file start-v6.cif (mmCIF, C-alpha atoms)
data_entry
#
loop_
_atom_site.label_atom_id
_atom_site.label_comp_id
_atom_site.auth_asym_id
_atom_site.auth_seq_id
_atom_site.Cartn_x
_atom_site.Cartn_y
_atom_site.Cartn_z
CA MET A 1 122.74 164.31 131.95
CA ASP A 2 126.17 165.19 133.32
CA PHE A 3 127.23 168.80 133.66
CA GLY A 4 129.44 168.00 136.66
CA GLY A 5 128.82 168.83 140.28
CA GLY A 6 129.15 165.24 141.51
CA GLN A 7 126.65 164.27 144.19
CA GLU A 8 125.88 167.89 145.08
CA ILE A 9 123.56 168.80 142.21
CA ARG A 10 121.50 166.80 139.71
CA PHE A 11 120.42 167.64 136.18
CA GLU A 12 117.75 165.98 134.07
CA GLN A 13 115.48 166.75 131.18
CA ARG A 14 111.82 165.83 131.48
CA GLY A 15 109.61 166.74 128.58
CA ARG A 16 110.10 170.42 127.78
CA ALA A 17 111.96 171.24 131.01
CA GLY A 18 115.55 171.14 132.17
CA ILE A 19 115.41 170.33 135.88
CA VAL A 20 118.06 171.28 138.44
CA THR A 21 117.94 169.72 141.91
CA MET A 22 120.38 170.78 144.63
CA THR A 23 121.18 167.59 146.53
CA ARG A 24 122.96 168.58 149.76
CA PRO A 25 120.01 168.40 152.17
CA LYS A 26 122.19 167.84 155.26
CA ALA A 27 124.03 171.07 154.41
CA LEU A 28 120.74 172.82 153.56
CA ASN A 29 121.88 172.73 149.91
CA ALA A 30 124.61 175.31 150.53
CA VAL A 31 126.18 176.32 147.23
CA THR A 32 129.69 175.03 146.46
CA HIS A 33 132.05 175.99 143.67
CA ASP A 34 131.39 172.71 141.87
CA MET A 35 127.65 173.40 141.98
CA VAL A 36 128.16 176.89 140.57
CA ARG A 37 130.28 175.66 137.69
CA ALA A 38 127.94 172.77 136.90
CA LEU A 39 124.85 174.99 136.86
CA SER A 40 126.65 177.48 134.63
CA ARG A 41 127.44 174.72 132.14
CA ALA A 42 123.85 173.46 132.21
CA LEU A 43 122.40 176.89 131.54
CA ASP A 44 124.82 177.46 128.67
CA ALA A 45 123.72 174.19 127.08
CA TRP A 46 119.99 174.56 127.72
CA ALA A 47 119.92 178.13 126.40
CA LYS A 48 120.88 176.74 122.98
CA ASP A 49 118.79 173.54 123.14
CA ASP A 50 115.50 173.88 121.26
CA SER A 51 114.09 170.85 123.08
CA VAL A 52 114.27 172.75 126.39
CA ASP A 53 111.62 175.46 126.77
CA LEU A 54 112.31 176.34 130.40
CA VAL A 55 114.47 175.54 133.42
CA VAL A 56 113.24 174.54 136.88
CA ILE A 57 115.46 174.69 139.98
CA MET A 58 114.63 173.24 143.39
CA GLY A 59 116.29 171.75 146.47
CA GLU A 60 116.06 168.48 148.36
CA GLY A 61 115.04 168.45 152.01
CA ARG A 62 113.79 171.31 154.16
CA ALA A 63 115.75 174.04 152.38
CA PHE A 64 115.75 175.39 148.89
CA CYS A 65 119.27 176.68 149.55
CA ALA A 66 120.46 178.32 152.76
CA GLY A 67 123.41 180.14 151.19
CA GLY A 68 127.00 179.53 150.23
CA ASP A 69 129.54 177.28 151.87
CA ILE A 70 130.66 180.09 154.19
CA LEU A 71 132.76 177.93 156.51
CA LYS A 72 134.93 176.91 153.57
CA VAL A 73 135.31 180.57 152.60
CA TYR A 74 136.30 181.37 156.19
CA GLU A 75 138.89 178.60 156.37
CA ALA A 76 140.45 179.57 153.04
CA GLY A 77 140.65 183.21 154.02
CA LYS A 78 142.24 182.44 157.37
CA ALA A 79 144.78 180.26 155.55
CA GLY A 80 145.72 183.20 153.33
CA THR A 81 144.10 181.82 150.18
CA PRO A 82 140.78 183.68 149.81
CA LEU A 83 138.33 182.06 147.40
CA TYR A 84 138.13 184.91 144.92
CA GLY A 85 137.54 182.42 142.10
CA PHE A 86 134.46 180.96 143.75
CA PHE A 87 132.84 184.36 144.11
CA ALA A 88 133.80 185.45 140.60
CA ASP A 89 132.15 182.34 139.14
CA GLU A 90 129.12 182.68 141.43
CA TYR A 91 128.58 186.30 140.42
CA ARG A 92 128.90 185.39 136.73
CA LEU A 93 126.25 182.72 137.30
CA ASN A 94 123.92 185.22 138.99
CA ALA A 95 124.25 187.53 136.00
CA ALA A 96 123.71 184.63 133.58
CA ILE A 97 120.47 183.71 135.34
CA ALA A 98 119.28 187.31 135.09
CA ARG A 99 119.84 187.34 131.33
CA PHE A 100 118.76 183.73 130.68
CA PRO A 101 116.66 183.79 127.48
CA LYS A 102 114.06 181.25 128.61
CA PRO A 103 111.76 181.02 131.64
CA TYR A 104 113.71 180.09 134.77
CA VAL A 105 111.41 178.77 137.49
CA ALA A 106 112.59 178.54 141.11
CA LEU A 107 110.41 176.33 143.31
CA VAL A 108 111.22 177.68 146.77
CA ASP A 109 109.95 175.29 149.44
CA GLY A 110 111.89 176.04 152.61
CA ILE A 111 114.84 178.24 153.52
CA VAL A 112 116.28 180.54 150.86
CA MET A 113 119.16 182.76 151.92
CA GLY A 114 122.36 184.23 150.52
CA GLY A 115 123.65 182.11 147.67
CA GLY A 116 120.25 180.45 147.38
CA VAL A 117 118.74 183.84 146.67
CA GLY A 118 121.35 184.31 143.95
CA VAL A 119 120.21 181.20 142.07
CA SER A 120 116.50 181.99 142.40
CA VAL A 121 115.53 185.65 142.62
CA HIS A 122 117.10 186.64 139.29
CA GLY A 123 115.00 184.12 137.41
CA SER A 124 111.73 184.95 135.67
CA HIS A 125 109.44 182.93 137.98
CA ARG A 126 109.89 182.58 141.76
CA VAL A 127 107.28 180.32 143.34
CA PHE A 128 107.19 180.39 147.16
CA THR A 129 105.32 177.84 149.25
CA GLU A 130 104.00 178.18 152.79
CA ASN A 131 107.34 176.70 153.96
CA ALA A 132 109.47 179.38 152.33
CA VAL A 133 111.64 181.54 154.59
CA PHE A 134 113.68 184.30 152.93
CA ALA A 135 116.58 186.30 154.37
CA MET A 136 119.74 188.12 153.42
CA PRO A 137 121.46 187.94 156.82
CA GLU A 138 124.98 188.91 155.76
CA VAL A 139 125.36 192.05 157.91
CA GLY A 140 125.14 189.75 160.92
CA ILE A 141 128.37 187.98 159.91
CA GLY A 142 130.32 191.06 158.87
CA PHE A 143 129.61 190.57 155.18
CA PHE A 144 127.22 192.24 152.71
CA PRO A 145 124.16 191.13 150.68
CA ASP A 146 125.94 189.97 147.54
CA VAL A 147 124.82 187.56 144.75
CA GLY A 148 123.01 190.46 143.08
CA GLY A 149 121.57 191.98 146.24
CA SER A 150 122.69 195.37 145.02
CA TYR A 151 120.43 194.90 141.98
CA PHE A 152 117.20 193.42 143.32
CA LEU A 153 117.05 194.90 146.83
CA PRO A 154 116.73 198.56 145.78
CA ARG A 155 113.98 197.55 143.35
CA LEU A 156 111.68 196.07 146.01
CA LYS A 157 108.54 197.90 147.05
CA GLY A 158 108.43 200.37 149.93
CA SER A 159 112.18 200.44 150.74
CA PHE A 160 111.71 196.86 151.92
CA GLY A 161 115.02 195.87 150.35
CA ALA A 162 116.99 198.26 152.53
CA TYR A 163 115.09 197.01 155.58
CA LEU A 164 115.83 193.35 154.77
CA ALA A 165 119.47 194.10 154.04
CA LEU A 166 120.20 196.25 157.09
CA THR A 167 118.41 194.02 159.61
CA GLY A 168 118.92 190.58 158.03
CA ASN A 169 115.40 189.75 159.20
CA ARG A 170 113.50 186.74 157.87
CA ILE A 171 110.22 187.00 156.00
CA ARG A 172 107.59 184.53 154.80
CA ARG A 173 105.97 184.15 151.41
CA GLY A 174 103.25 186.80 151.82
CA ASP A 175 105.83 189.54 152.34
CA ALA A 176 108.03 188.08 149.61
CA LEU A 177 105.14 188.19 147.16
CA TRP A 178 104.08 191.69 148.17
CA CYS A 179 107.51 193.29 147.88
CA GLY A 180 108.51 191.56 144.63
CA ILE A 181 110.90 188.81 145.70
CA ALA A 182 108.38 186.11 144.78
CA THR A 183 106.25 186.17 141.65
CA HIS A 184 103.82 183.41 142.68
CA ALA A 185 102.66 181.57 145.80
CA ALA A 186 101.73 177.89 145.74
CA GLN A 187 101.03 175.15 148.22
CA ALA A 188 103.88 172.73 148.83
CA GLY A 189 101.55 169.83 148.12
CA ASP A 190 100.90 171.22 144.64
CA LEU A 191 104.55 171.40 143.59
CA PRO A 192 104.62 167.90 142.02
CA ALA A 193 101.62 168.82 139.87
CA LEU A 194 103.20 172.14 138.98
CA LEU A 195 106.43 170.43 137.98
CA ASP A 196 104.52 167.91 135.85
CA GLU A 197 102.70 170.70 134.04
CA LEU A 198 105.89 172.67 133.47
CA CYS A 199 107.54 169.60 131.98
CA GLU A 200 104.55 168.68 129.85
CA THR A 201 103.67 172.10 128.45
CA GLY A 202 106.83 174.19 128.73
CA ASP A 203 104.51 177.11 129.55
CA ALA A 204 105.73 178.69 132.78
CA ASP A 205 103.23 181.54 132.85
CA ALA A 206 100.18 179.30 132.49
CA ALA A 207 101.38 176.59 134.86
CA CYS A 208 102.39 178.98 137.65
CA ALA A 209 99.19 180.99 137.29
CA ARG A 210 96.94 177.93 137.36
CA LEU A 211 98.37 176.61 140.61
CA SER A 212 98.97 179.92 142.37
CA VAL A 213 97.20 180.82 145.61
CA GLU A 214 96.58 183.99 147.57
CA ALA A 215 99.25 184.84 150.15
CA PRO A 216 98.43 187.90 152.28
CA ARG A 217 101.28 190.11 153.44
CA GLU A 218 102.46 189.24 156.93
CA THR A 219 103.78 192.73 157.67
CA SER A 220 101.04 195.08 158.88
CA ASP A 221 100.22 198.36 157.16
CA ALA A 222 101.61 200.26 160.14
CA ALA A 223 104.87 198.33 160.11
CA ALA A 224 105.22 198.72 156.33
CA THR A 225 104.71 202.47 156.71
CA THR A 226 107.40 202.63 159.40
CA ILE A 227 109.80 200.64 157.23
CA GLY A 228 109.18 202.84 154.20
CA ARG A 229 109.68 206.03 156.19
CA HIS A 230 112.96 205.16 157.89
CA PHE A 231 114.67 202.84 155.43
CA SER A 232 114.24 205.25 152.52
CA LEU A 233 116.84 207.54 154.09
CA GLU A 234 120.21 207.66 152.37
CA ARG A 235 122.66 207.95 155.27
CA MET A 236 123.14 205.24 157.86
CA GLU A 237 123.37 207.83 160.61
CA ASP A 238 119.99 209.23 159.53
CA VAL A 239 118.38 205.79 159.46
CA VAL A 240 119.54 205.12 163.01
CA ALA A 241 118.51 208.56 164.28
CA SER A 242 115.10 208.34 162.64
CA LEU A 243 114.46 204.86 164.04
CA GLY A 244 115.55 206.04 167.47
CA GLN A 245 113.16 208.99 167.44
CA ALA A 246 110.28 206.73 166.36
CA ALA A 247 111.19 204.17 169.01
CA ASP A 248 111.09 206.90 171.66
CA ARG A 249 107.54 207.69 170.49
CA GLY A 250 106.53 204.08 171.07
CA ASP A 251 106.87 202.63 167.56
CA GLU A 252 107.58 198.95 168.24
CA THR A 253 108.63 198.18 164.64
CA ALA A 254 111.22 200.94 164.79
CA ARG A 255 112.43 199.81 168.22
CA GLU A 256 112.90 196.20 167.09
CA ALA A 257 114.63 197.21 163.86
CA LEU A 258 117.02 199.53 165.68
CA ALA A 259 117.84 196.93 168.33
CA THR A 260 118.65 194.42 165.57
CA ILE A 261 120.76 196.87 163.59
CA ARG A 262 122.78 197.70 166.70
CA THR A 263 124.00 194.07 166.79
CA ARG A 264 125.19 194.07 163.17
CA SER A 265 128.63 194.92 161.81
CA PRO A 266 128.80 198.73 161.55
CA THR A 267 131.08 198.49 158.52
CA SER A 268 128.70 196.06 156.83
CA LEU A 269 125.76 198.38 157.48
CA PHE A 270 127.43 201.35 155.83
CA VAL A 271 128.68 199.31 152.88
CA THR A 272 125.27 197.70 152.42
CA LEU A 273 123.30 200.94 152.38
CA ARG A 274 125.78 202.45 149.93
CA GLN A 275 125.57 199.41 147.62
CA ILE A 276 121.77 199.61 147.60
CA LEU A 277 121.81 203.31 146.75
CA ASP A 278 124.34 202.77 143.96
CA GLY A 279 122.75 199.55 142.73
CA GLY A 280 119.44 201.25 142.09
CA MET A 281 121.15 203.17 139.28
CA LEU A 282 123.10 200.25 137.78
CA ASP A 283 122.23 197.29 135.57
CA MET A 284 122.81 193.72 136.74
CA ASP A 285 126.26 193.33 135.18
CA GLU A 286 127.41 196.64 136.66
CA CYS A 287 126.09 195.56 140.07
CA MET A 288 128.03 192.31 139.93
CA ARG A 289 131.25 194.14 139.10
CA MET A 290 130.62 196.49 142.03
CA GLU A 291 129.96 193.54 144.33
CA PHE A 292 133.23 191.89 143.35
CA ARG A 293 135.06 195.08 144.30
CA ILE A 294 133.32 195.05 147.69
CA LEU A 295 133.95 191.32 148.11
CA SER A 296 137.66 191.70 147.46
CA ARG A 297 137.94 194.20 150.32
CA MET A 298 135.67 192.23 152.66
CA LEU A 299 137.85 189.13 152.32
CA ALA A 300 140.88 191.23 153.26
CA GLY A 301 139.17 192.81 156.27
CA HIS A 302 138.34 191.94 159.87
CA ASP A 303 134.60 191.79 160.41
CA PHE A 304 133.75 188.89 158.09
CA TYR A 305 136.14 186.52 159.85
CA GLU A 306 135.06 187.79 163.26
CA GLY A 307 131.39 187.32 162.36
CA ILE A 308 131.92 183.75 161.17
CA ARG A 309 133.98 182.98 164.27
CA ALA A 310 131.18 184.17 166.53
CA VAL A 311 128.30 182.55 164.63
CA LEU A 312 129.77 179.29 163.33
CA ILE A 313 133.02 178.57 165.18
CA ASP A 314 132.26 179.72 168.73
CA LYS A 315 128.52 179.36 168.25
CA GLY A 316 126.46 182.03 169.96
CA SER A 317 129.28 184.30 171.09
CA THR A 318 129.16 188.06 170.56
CA PRO A 319 131.33 189.33 167.70
CA SER A 320 133.81 192.13 168.34
CA TRP A 321 133.31 194.39 165.34
CA SER A 322 135.96 196.89 164.24
CA PRO A 323 134.90 199.62 164.53
CA ALA A 324 132.48 198.57 167.23
CA ARG A 325 129.93 201.39 166.90
CA ILE A 326 128.01 202.88 164.00
CA GLU A 327 129.09 206.30 165.24
CA ASP A 328 132.77 205.39 164.80
CA VAL A 329 132.68 204.37 161.12
CA ASP A 330 135.03 206.39 158.92
CA PRO A 331 133.37 207.46 155.64
CA ALA A 332 136.72 207.22 153.83
CA ALA A 333 137.04 203.59 154.88
CA ILE A 334 133.62 202.82 153.37
CA GLU A 335 134.51 204.63 150.16
CA ALA A 336 137.52 202.33 149.77
CA TYR A 337 135.25 199.29 149.40
CA PHE A 338 133.86 200.76 146.16
CA ALA A 339 137.11 201.96 144.58
CA PRO A 340 138.32 200.33 141.36
CA LEU A 341 140.44 197.25 141.91
CA THR A 342 144.18 197.82 141.68
CA ASP A 343 146.44 195.79 139.41
CA GLY A 344 147.62 193.86 142.46
CA GLU A 345 144.07 193.00 143.49
CA LEU A 346 143.11 191.98 139.96
CA ALA A 347 146.09 189.63 139.87
CA VAL A 348 144.89 187.67 142.92
#
call {"tool": "encode", "arguments": {"input": "start-v6.cif", "output": "structure tokens"}}
result
Amino acid sequence: MDFGGGQEIRFEQRGRAGIVTMTRPKALNAVTHDMVRALSRALDAWAKDDSVDLVVIMGEGRAFCAGGDILKVYEAGKAGTPLYGFFADEYRLNAAIARFPKPYVALVDGIVMGGGVGVSVHGSHRVFTENAVFAMPEVGIGFFPDVGGSYFLPRLKGSFGAYLALTGNRIRRGDALWCGIATHAAQAGDLPALLDELCETGDADAACARLSVEAPRETSDAAATTIGRHFSLERMEDVVASLGQAADRGDETAREALATIRTRSPTSLFVTLRQILDGGMLDMDECMRMEFRILSRMLAGHDFYEGIRAVLIDKGSTPSWSPARIEDVDPAAIEAYFAPLTDGELAV
């Protein structure tokens, strides 16, 4: 079954299921443009194919998918040829998954971040194993939680989406299940049986329910209360001030969150909080159009390239953000990320 994608992604039909396997284990299944286009073609075909009742997506190796091929994006941007086309196609794919008319089952066994979130969380069934590790770490590289982050993050329980977005912190399956990122928990050893049942019956609800297990939340009640209190605020300055006051009173969750936020790109923090606030009032397609506007400005800015330099090029160095402090961010500069694209930008 050839929808393209070369050796990076595999498609097959088994019984009632169309199966997608991301096959770049050495690169932690990072999403490439060819993978995006191939998966889009497969979903278009399977949506119309009466012999396919559902779609299953999974990854080879120790990651489901650790994100997009960010180094390639960095190199293209530095060369003056930003990969707008890749992101446009990726965002269209994210929206297509959200509206896919059949069950779409992501078997998340390992790392799921960034672009991997985009090809999983918008589906109808998200099964996390004990090996699953979720994060949207984009503010740490001067970027923003895209691939539909503006849609699903504001809809998570207890302002957990804003917390995940503004810190970039990693969570395990219990938290993912509690807040709404995952729909089911399963043991990694049961995934082959789950896949067999999905293929045999085409009944995603019954198969996922039968093999699901309990997964208690890892975040304590006290920490969840702290997160809900501070990350429900609507101004970045207020979030920081509120966390600081709580930290001064001895709240360790607040202290850790604030210390993490202080290392992130100030511009990214402001853009991210604004996108979450706006995204909570938008549908998925509107969110993706907003994200493309943000993306277009991010790829023309400073912090994304500086963040990638520090994290991936000069591994472990400290990025020099511009502006460097949360207190120095210009509200007008943040507003510009959300403005309609100009004719010149649209022509890129």
call {"tool": "closest_atom_pairs", "arguments": {"input": "start-v6.cif", "of": "range 141-199 of chain A", "to": "range 236-254 of chain A", "cutoff": "12 Å", "atoms": "all atoms listed in the file", "output": "Markdown table"}}
result
| residue | atom | partner | partner_atom | distance |
| --- | --- | --- | --- | --- |
| A:Ser159 | CA | A:Val239 | CA | 12.0 |
| A:Ala162 | CA | A:Val239 | CA | 10.3 |
| A:Tyr163 | CA | A:Val239 | CA | 10.1 |
| A:Leu166 | CA | A:Met236 | CA | 9.5 |
| A:Thr167 | CA | A:Ala254 | CA | 11.2 |
call {"tool": "residues_around", "arguments": {"input": "start-v6.cif", "residues": "range 90-96 of chain A", "least_positions_apart": "3", "cutoff": "10 Å", "atoms": "only C-alpha atoms", "output": "ChimeraX atom specification"}}
result
/A:31-33,35-37,39-41,43-44,68,84-87,99-101,115,117-123,146-148,283-289,291-292
call {"tool": "residues_near_point", "arguments": {"input": "start-v6.cif", "point": "(124.5, 201.8, 149.6)", "cutoff": "9 Å", "atoms": "all atoms listed in the file", "output": "ChimeraX atom specification"}}
result
/A:150,162,234-235,269-279
call {"tool": "axis_aligned_box", "arguments": {"input": "start-v6.cif", "around": "range 133-139 of chain A", "padding_each_side": "8 Å", "output": "JSON"}}
result
{"center_x": 118.5, "center_y": 186.8, "center_z": 155.4, "size_x": 29.7, "size_y": 26.5, "size_z": 21.0}
call {"tool": "resolve_selection", "arguments": {"input": "start-v6.cif", "expression": "the PyMOL selection byres ((chain A and resi 325-332) around 9)", "output": "list in words"}}
result
Met236, Glu237, Val240, Arg262, Ser265, Pro266, Thr267, Leu269, Phe270, Trp321, Ser322, Pro323, Ala324, Ala333, Ile334, Glu335 and Ala336 of chain A
call {"tool": "write_last_selection", "arguments": {"input": "start-v6.cif", "atoms": "C-alpha atoms", "output": "JSON list (two decimals), keeping the file's coordinate frame"}}
result
[["chain", "number", "residue", "atom", "x", "y", "z"],
["A", 236, "MET", "CA", 123.14, 205.24, 157.86],
["A", 237, "GLU", "CA", 123.37, 207.83, 160.61],
["A", 240, "VAL", "CA", 119.54, 205.12, 163.01],
["A", 262, "ARG", "CA", 122.78, 197.70, 166.70],
["A", 265, "SER", "CA", 128.63, 194.92, 161.81],
["A", 266, "PRO", "CA", 128.80, 198.73, 161.55],
["A", 267, "THR", "CA", 131.08, 198.49, 158.52],
["A", 269, "LEU", "CA", 125.76, 198.38, 157.48],
["A", 270, "PHE", "CA", 127.43, 201.35, 155.83],
["A", 321, "TRP", "CA", 133.31, 194.39, 165.34],
["A", 322, "SER", "CA", 135.96, 196.89, 164.24],
["A", 323, "PRO", "CA", 134.90, 199.62, 164.53],
["A", 324, "ALA", "CA", 132.48, 198.57, 167.23],
["A", 333, "ALA", "CA", 137.04, 203.59, 154.88],
["A", 334, "ILE", "CA", 133.62, 202.82, 153.37],
["A", 335, "GLU", "CA", 134.51, 204.63, 150.16],
["A", 336, "ALA", "CA", 137.52, 202.33, 149.77]]
call {"tool": "residues_around", "arguments": {"input": "start-v6.cif", "residues": "Met298 in chain A", "least_positions_apart": "3", "cutoff": "10 Å", "atoms": "only C-alpha atoms", "output": "PDB file with C-alpha atoms, in the frame of the given file"}}
result
ATOM      1  CA  GLY A 142     130.320 191.060 158.870  1.00  0.00           C
ATOM      2  CA  PHE A 143     129.610 190.570 155.180  1.00  0.00           C
ATOM      3  CA  PHE A 144     127.220 192.240 152.710  1.00  0.00           C
ATOM      4  CA  THR A 267     131.080 198.490 158.520  1.00  0.00           C
ATOM      5  CA  SER A 268     128.700 196.060 156.830  1.00  0.00           C
ATOM      6  CA  VAL A 271     128.680 199.310 152.880  1.00  0.00           C
ATOM      7  CA  PHE A 292     133.230 191.890 143.350  1.00  0.00           C
ATOM      8  CA  ARG A 293     135.060 195.080 144.300  1.00  0.00           C
ATOM      9  CA  ILE A 294     133.320 195.050 147.690  1.00  0.00           C
ATOM     10  CA  LEU A 295     133.950 191.320 148.110  1.00  0.00           C
ATOM     11  CA  GLY A 301     139.170 192.810 156.270  1.00  0.00           C
ATOM     12  CA  HIS A 302     138.340 191.940 159.870  1.00  0.00           C
ATOM     13  CA  ASP A 303     134.600 191.790 160.410  1.00  0.00           C
ATOM     14  CA  PHE A 304     133.750 188.890 158.090  1.00  0.00           C
ATOM     15  CA  TYR A 305     136.140 186.520 159.850  1.00  0.00           C
ATOM     16  CA  TYR A 337     135.250 199.290 149.400  1.00  0.00           C
TER      17      TYR A 337
END
